[in-house]
Amino acid sequence: MRRINNILSLALIASITLFSCSEQEPVVEDFSAPDDVVAQIAALGFDVENFPVETFENGYLVERDIYLTDATIAEMGRGNAVPSVEQYRTNNLVNAGGGRVITIYAPEEGSGGGGGKGKKGGGGSGGYSPAMIAGLDEAISRYNAENLTISFQRVTNSSGADIVMTRLSKRDERRGVLGSAGFPTNSGDPYGEIKMSGVLESSYGLSTNGIATIIAHEMGHCIGFRHTDYFDRSISCGGGTSNEGDGGVGAIHIPGTPTGASLSKQSWMLACTDGSNRDFNNDDKTALDYLY
């Protein structure tokens, strides 16, 4: 996920100010994905026109916060456009059984950025600040307050954790990536990794609740949620009308949620964020309760 408009504008101004003091031309990195990969992703139903596919980690960043690799692309079926309805889920969901605790690990500052002493993790940028950890704890609390058949628990070691939250590389933080995640596995497990920026407080000035909203959004992808404004990302992102398609992983309407979507309802799964607090609204709660 990326924060839009005002944050990106401020980031651009900061870059111009920084480089205007240098006699050397700034090096502009090319994050464009190969044309054949873009064609494959477009065939899955993702919007590659309004949201160019970028190289990211060991794969590609699609529609700003969906992480795909060559392996996951190969496993997906051809996508289709979907109608205008509010809440969507993927074909795969987490197998909750009679109740399941999903553990999440995030390295803290001073921990070396990994699961044990001296280990490095998350793109070489170290662990997370107390503000980021507080945001993760708040995101976990929001889910647990809904009394679902799944719950979340933060653990202090990455070994055996269901989801590992690792920090983005400094390069990706600088280019404005806020977070990314994938979708549940065929075997019913949550997606195992969330990549998160470590500068949401220091560079963007986000509050604990703003940070929690972005982390909760990526957690939502891990358990099978698509974007609330899936049929038209312009609702939260601006620009022209853009239907994501089903991306080969499914876009199934969740019963009980309304048709259409609106920015005013402030769903936590809107495609783009302005950095504000978006706790679960009533439709979000209906969707969560229906699935889990």
# chains A, B, ... in the order shown; residues from 1 in each chain; ligands from 1
call {"tool": "residues_around", "arguments": {"residues": "A:Ile215", "least_positions_apart": "6", "cutoff": "10 Å", "atoms": "only C-alpha atoms", "output": "list in words"}}
result
Met1, Met132, Gly135, Leu136, Asp137, Glu138, Ala139, Ile140, Met165, Leu178, Gly179, Ser180, Ala181, Ile194, Lys195, Met196, Ser197, Asn209 and Trp268 of chain A
call {"tool": "residues_around", "arguments": {"residues": "A:Arg154", "least_positions_apart": "3", "cutoff": "6 Å", "atoms": "only C-alpha atoms", "output": "number ranges by chain"}}
result
A: 103-105
call {"tool": "select_by_dssp", "arguments": {"residues": "stretch 41-183 of chain A", "states": "strand (DSSP E)", "output": "PDB file with C-alpha atoms, in the first residue's frame"}}
result
ATOM      1  CA  GLU A  54       7.353  -2.619 -10.548  1.00  0.00           C
ATOM      2  CA  THR A  55      10.189  -4.937  -9.584  1.00  0.00           C
ATOM      3  CA  PHE A  56      10.110  -5.478  -5.822  1.00  0.00           C
ATOM      4  CA  GLY A  59       9.219 -10.462  -7.442  1.00  0.00           C
ATOM      5  CA  TYR A  60       6.860  -7.683  -8.450  1.00  0.00           C
ATOM      6  CA  LEU A  61       4.690  -5.044  -6.764  1.00  0.00           C
ATOM      7  CA  VAL A  62       1.238  -5.025  -8.353  1.00  0.00           C
ATOM      8  CA  ILE A  66       0.177  -6.880  -3.839  1.00  0.00           C
ATOM      9  CA  TYR A  67       3.396  -8.914  -3.915  1.00  0.00           C
ATOM     10  CA  LEU A  68       3.683 -11.531  -6.637  1.00  0.00           C
ATOM     11  CA  TYR A  88     -14.410  -9.137  -1.650  1.00  0.00           C
ATOM     12  CA  ARG A  89     -12.473 -12.209  -0.633  1.00  0.00           C
ATOM     13  CA  ARG A 100      -6.967 -20.606  15.325  1.00  0.00           C
ATOM     14  CA  VAL A 101      -4.317 -18.284  16.739  1.00  0.00           C
ATOM     15  CA  ILE A 102      -2.199 -16.697  14.000  1.00  0.00           C
ATOM     16  CA  THR A 103       1.194 -15.652  15.320  1.00  0.00           C
ATOM     17  CA  ILE A 104       3.025 -12.585  14.004  1.00  0.00           C
ATOM     18  CA  TYR A 105       6.668 -11.697  14.527  1.00  0.00           C
ATOM     19  CA  ILE A 150      -9.189 -16.549  14.174  1.00  0.00           C
ATOM     20  CA  SER A 151      -7.161 -14.366  16.506  1.00  0.00           C
ATOM     21  CA  PHE A 152      -3.682 -12.867  16.339  1.00  0.00           C
ATOM     22  CA  GLN A 153      -0.768 -12.914  18.753  1.00  0.00           C
ATOM     23  CA  ARG A 154       2.574 -11.138  18.486  1.00  0.00           C
ATOM     24  CA  VAL A 155       5.525 -13.365  19.302  1.00  0.00           C
ATOM     25  CA  ILE A 163       3.399 -14.278   9.596  1.00  0.00           C
ATOM     26  CA  VAL A 164       6.764 -12.533   9.721  1.00  0.00           C
ATOM     27  CA  MET A 165       6.655  -8.758   9.338  1.00  0.00           C
ATOM     28  CA  THR A 166       9.960  -7.678   7.846  1.00  0.00           C
ATOM     29  CA  ARG A 167      11.187  -4.222   7.083  1.00  0.00           C
ATOM     30  CA  GLY A 179       3.602  -2.116   2.743  1.00  0.00           C
ATOM     31  CA  SER A 180       2.847  -5.275   0.811  1.00  0.00           C
TER      32      SER A 180
END
call {"tool": "atom_distance", "arguments": {"atom1": "atom CA of A:Val38", "atom2": "atom CA of A:Gly275"}}
result
29.0 Å
call {"tool": "atom_distance", "arguments": {"atom1": "atom CA of A:Thr286", "atom2": "atom CA of A:Thr257"}}
result
6.8 Å
call {"tool": "residues_around", "arguments": {"residues": "A:Leu263", "least_positions_apart": "3", "cutoff": "8 Å", "atoms": "only C-alpha atoms", "output": "ChimeraX atom specification"}}
result
/A:235-236,266-267,270
call {"tool": "write_last_selection", "arguments": {"atoms": "C-alpha atoms", "output": "CSV table (one decimal), in the first residue's frame"}}
result
chain,number,residue,atom,x,y,z
A,235,ILE,CA,-12.7,5.9,-5.1
A,236,SER,CA,-9.7,5.9,-2.7
A,266,GLN,CA,-13.4,4.7,5.5
A,267,SER,CA,-13.1,0.9,5.1
A,270,LEU,CA,-9.7,0.6,0.7
call {"tool": "residues_around", "arguments": {"residues": "A:Glu109", "least_positions_apart": "3", "cutoff": "6 Å", "atoms": "only C-alpha atoms", "output": "VMD selection string"}}
result
chain A and resid 127 to 129
call {"tool": "atom_distance", "arguments": {"atom1": "atom CA of A:Asp229", "atom2": "atom CA of A:Arg142"}}
result
21.2 Å
call {"tool": "closest_residue", "arguments": {"among": "A:Thr208, A:Thr69, A:Thr149, A:Asn144", "to": "A:Gly98", "atoms": "only C-alpha atoms"}}
result
A:Thr149
call {"tool": "select_by_dssp", "arguments": {"residues": "stretch 154-193 of chain A", "states": "alpha helix (DSSP H)", "output": "PyMOL selection string"}}
result
chain A and resi 170-174
call {"tool": "closest_residue", "arguments": {"among": "A:Asn92, A:Ser234, A:Thr156, A:Ser202", "to": "A:Glu63", "atoms": "only C-alpha atoms"}}
result
A:Ser234
call {"tool": "closest_residue", "arguments": {"among": "A:Phe280, A:Asp35, A:Ala71, A:Gly198", "to": "A:Asp172", "atoms": "only C-alpha atoms"}}
result
A:Gly198
call {"tool": "closest_residue", "arguments": {"among": "A:Asp284, A:Asp274, A:Glu218, A:Asp162", "to": "A:Gly256", "atoms": "only C-alpha atoms"}}
result
A:Asp284
